[in-house]
Every structure is written in structure tokens, then in C-alpha cells.
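Input: a single structure, listed below in C-alpha cells.
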Amino acid sequence: MKESDIEKLLVQRVKEHGGLSLKLACTGQAGTPDRLIIGAYGLVAFVEVKAPGKKPRKLQEKRIQELKRLGCKVYVIDDYEGVENIMKEVF
């Protein structure tokens with residue numbers, strides 16, 4: 001299983017639930033999570049997708065903590081189970 005496989009499943013599952021999974025390409029904002037998920041009732045979450053067993057880099061972790069301090073939901077996932085956990089919480 002690769003990082004891209006996990007991300008593809010995330011996009012597919014969000015679409016199945018009628019939500020949006022937007023790829024974030026924030027020029028000049030290194031460390032920004034990979035995806036912005038918009039789900040049921042306007043719930044919004046950021047998702048950083050990693051390869052199995054990998055952890056966020058220091059800059060990514062800093063950005064994740066900034067988003068959490070602002071009250072945002074942020075998930076870091078590295079397997080299919082992580083995708084399903086997001087589905088339960090956001091949809």
C-alpha cells in the first residue's frame with residue numbers, strides 16, 4: 001500500500017458520501033495538509049496523508065498544530081482504517 005493508494009481511497013469514500021475532497025496546493029505555505037474535506041452539515045477537516053508508518057515532517061507538524069489551535073479538525077492518516085475513521089467523524 002502506497003500513500004497514493006490511501007489518498008485515492010479517501011477521495012473515493014468522500015465522494016461516495018456526497019462530500020468534497022479538495023487537493024490543497026498552497027504556494028508559499030509549506031507544510032499545509034494534503035486535503036481539505038468538506039462533509040455533512042458543513043463539517044470541514046484537513047487531512048495529511050502519509051505512507052504507512054511515516055510521520056509528518058517538522059514543518060507539517062507545526063502547521064497541524066497551528067490549525068488545531070485555531071479550532072480546526074486535522075487528521076493524519078497512513079492506512080485504510082484512518083480513512084474509515086474520518087468517514088465516521090465527518091459524515
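If you're wondering about the labels, chains in the C-alpha cells are A, B, ... by order shown, residues count from 1 in each chain, ligands from 1 in order shown.
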**OP:** Excluding Glu3 in chain A and any residue of its chain fewer than 3 positions from it, enumerate the residues within 12 Å of it, using only C-alpha atoms, and give them as a list in words.
**Re:** Ile6, Glu7, Lys8, Leu9, Leu10, Asp34, Glu48, Val49, Lys50, Ala51, Pro52, Gly53, Lys54, Lys55, Val76, Ile77, Asp78, Asp79, Tyr80 and Val83 of chain A
**OP:** Enumerate the residues of chain A with a DSSP assignment of strand (DSSP E), computed from the backbone, and present them as an MDAnalysis selection string.
**Re:** chainID A and resid 20:23 35:38 44:49 73:77
Original post:
Quick one: DSSP alpha helix (DSSP H) residues in chain A, as a ChimeraX atom specification?
Top reply: /A:3-16,58-69,80-90
Take the residues just selected and output them with C-alpha atoms as a CSV table (one decimal), in the first residue's frame.
```
chain,number,residue,atom,x,y,z
A,3,GLU,CA,0.5,6.9,0.1
A,4,SER,CA,-1.2,7.5,-3.2
A,5,ASP,CA,-3.5,4.4,-2.7
A,6,ILE,CA,-4.6,5.8,0.7
A,7,GLU,CA,-5.3,9.2,-0.8
A,8,LYS,CA,-7.3,7.7,-3.7
A,9,LEU,CA,-9.4,5.7,-1.3
A,10,LEU,CA,-10.0,8.9,0.8
A,11,VAL,CA,-11.2,10.8,-2.3
A,12,GLN,CA,-13.4,7.9,-3.4
A,13,ARG,CA,-15.0,7.5,0.1
A,14,VAL,CA,-15.7,11.2,0.5
A,15,LYS,CA,-17.3,11.3,-3.0
A,16,GLU,CA,-19.5,8.3,-2.1
A,58,LYS,CA,8.6,19.0,11.5
A,59,LEU,CA,7.1,21.8,9.3
A,60,GLN,CA,4.0,19.7,8.7
A,61,GLU,CA,3.6,19.1,12.4
A,62,LYS,CA,4.0,22.8,13.1
A,63,ARG,CA,1.2,23.6,10.6
A,64,ILE,CA,-1.0,20.9,12.0
A,65,GLN,CA,-0.6,22.3,15.5
A,66,GLU,CA,-1.4,25.9,14.2
A,67,LEU,CA,-4.6,24.6,12.6
A,68,LYS,CA,-5.6,22.7,15.7
A,69,ARG,CA,-5.0,25.9,17.8
A,80,TYR,CA,-7.2,2.5,5.1
A,81,GLU,CA,-8.5,2.4,8.7
A,82,GLY,CA,-7.7,6.1,9.0
A,83,VAL,CA,-9.8,6.8,6.0
A,84,GLU,CA,-12.8,5.0,7.6
A,85,ASN,CA,-12.3,6.8,10.9
A,86,ILE,CA,-12.6,10.1,9.0
A,87,MET,CA,-15.8,8.9,7.3
A,88,LYS,CA,-17.4,8.1,10.7
A,89,GLU,CA,-16.5,11.5,12.2
A,90,VAL,CA,-17.1,13.8,9.2
```
Subject >> Atom pair CA of Gly71 in chain A / CA of Val47 in chain A: separation (Å) >> reply: 14.4 Å
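In this model, the gap between CA of Val74 in chain A and CA of Thr27 in chain A comes to 19.8 Å.
Residue nearest Ile37 in chain A within the list A:Gly19, A:Leu70, A:Lys2, A:Pro56: A:Gly19 [criterion: smallest interatomic distance, only C-alpha atoms].
CA of Met1 in chain A is found 26.4 Å from CA of Val44 in chain A.
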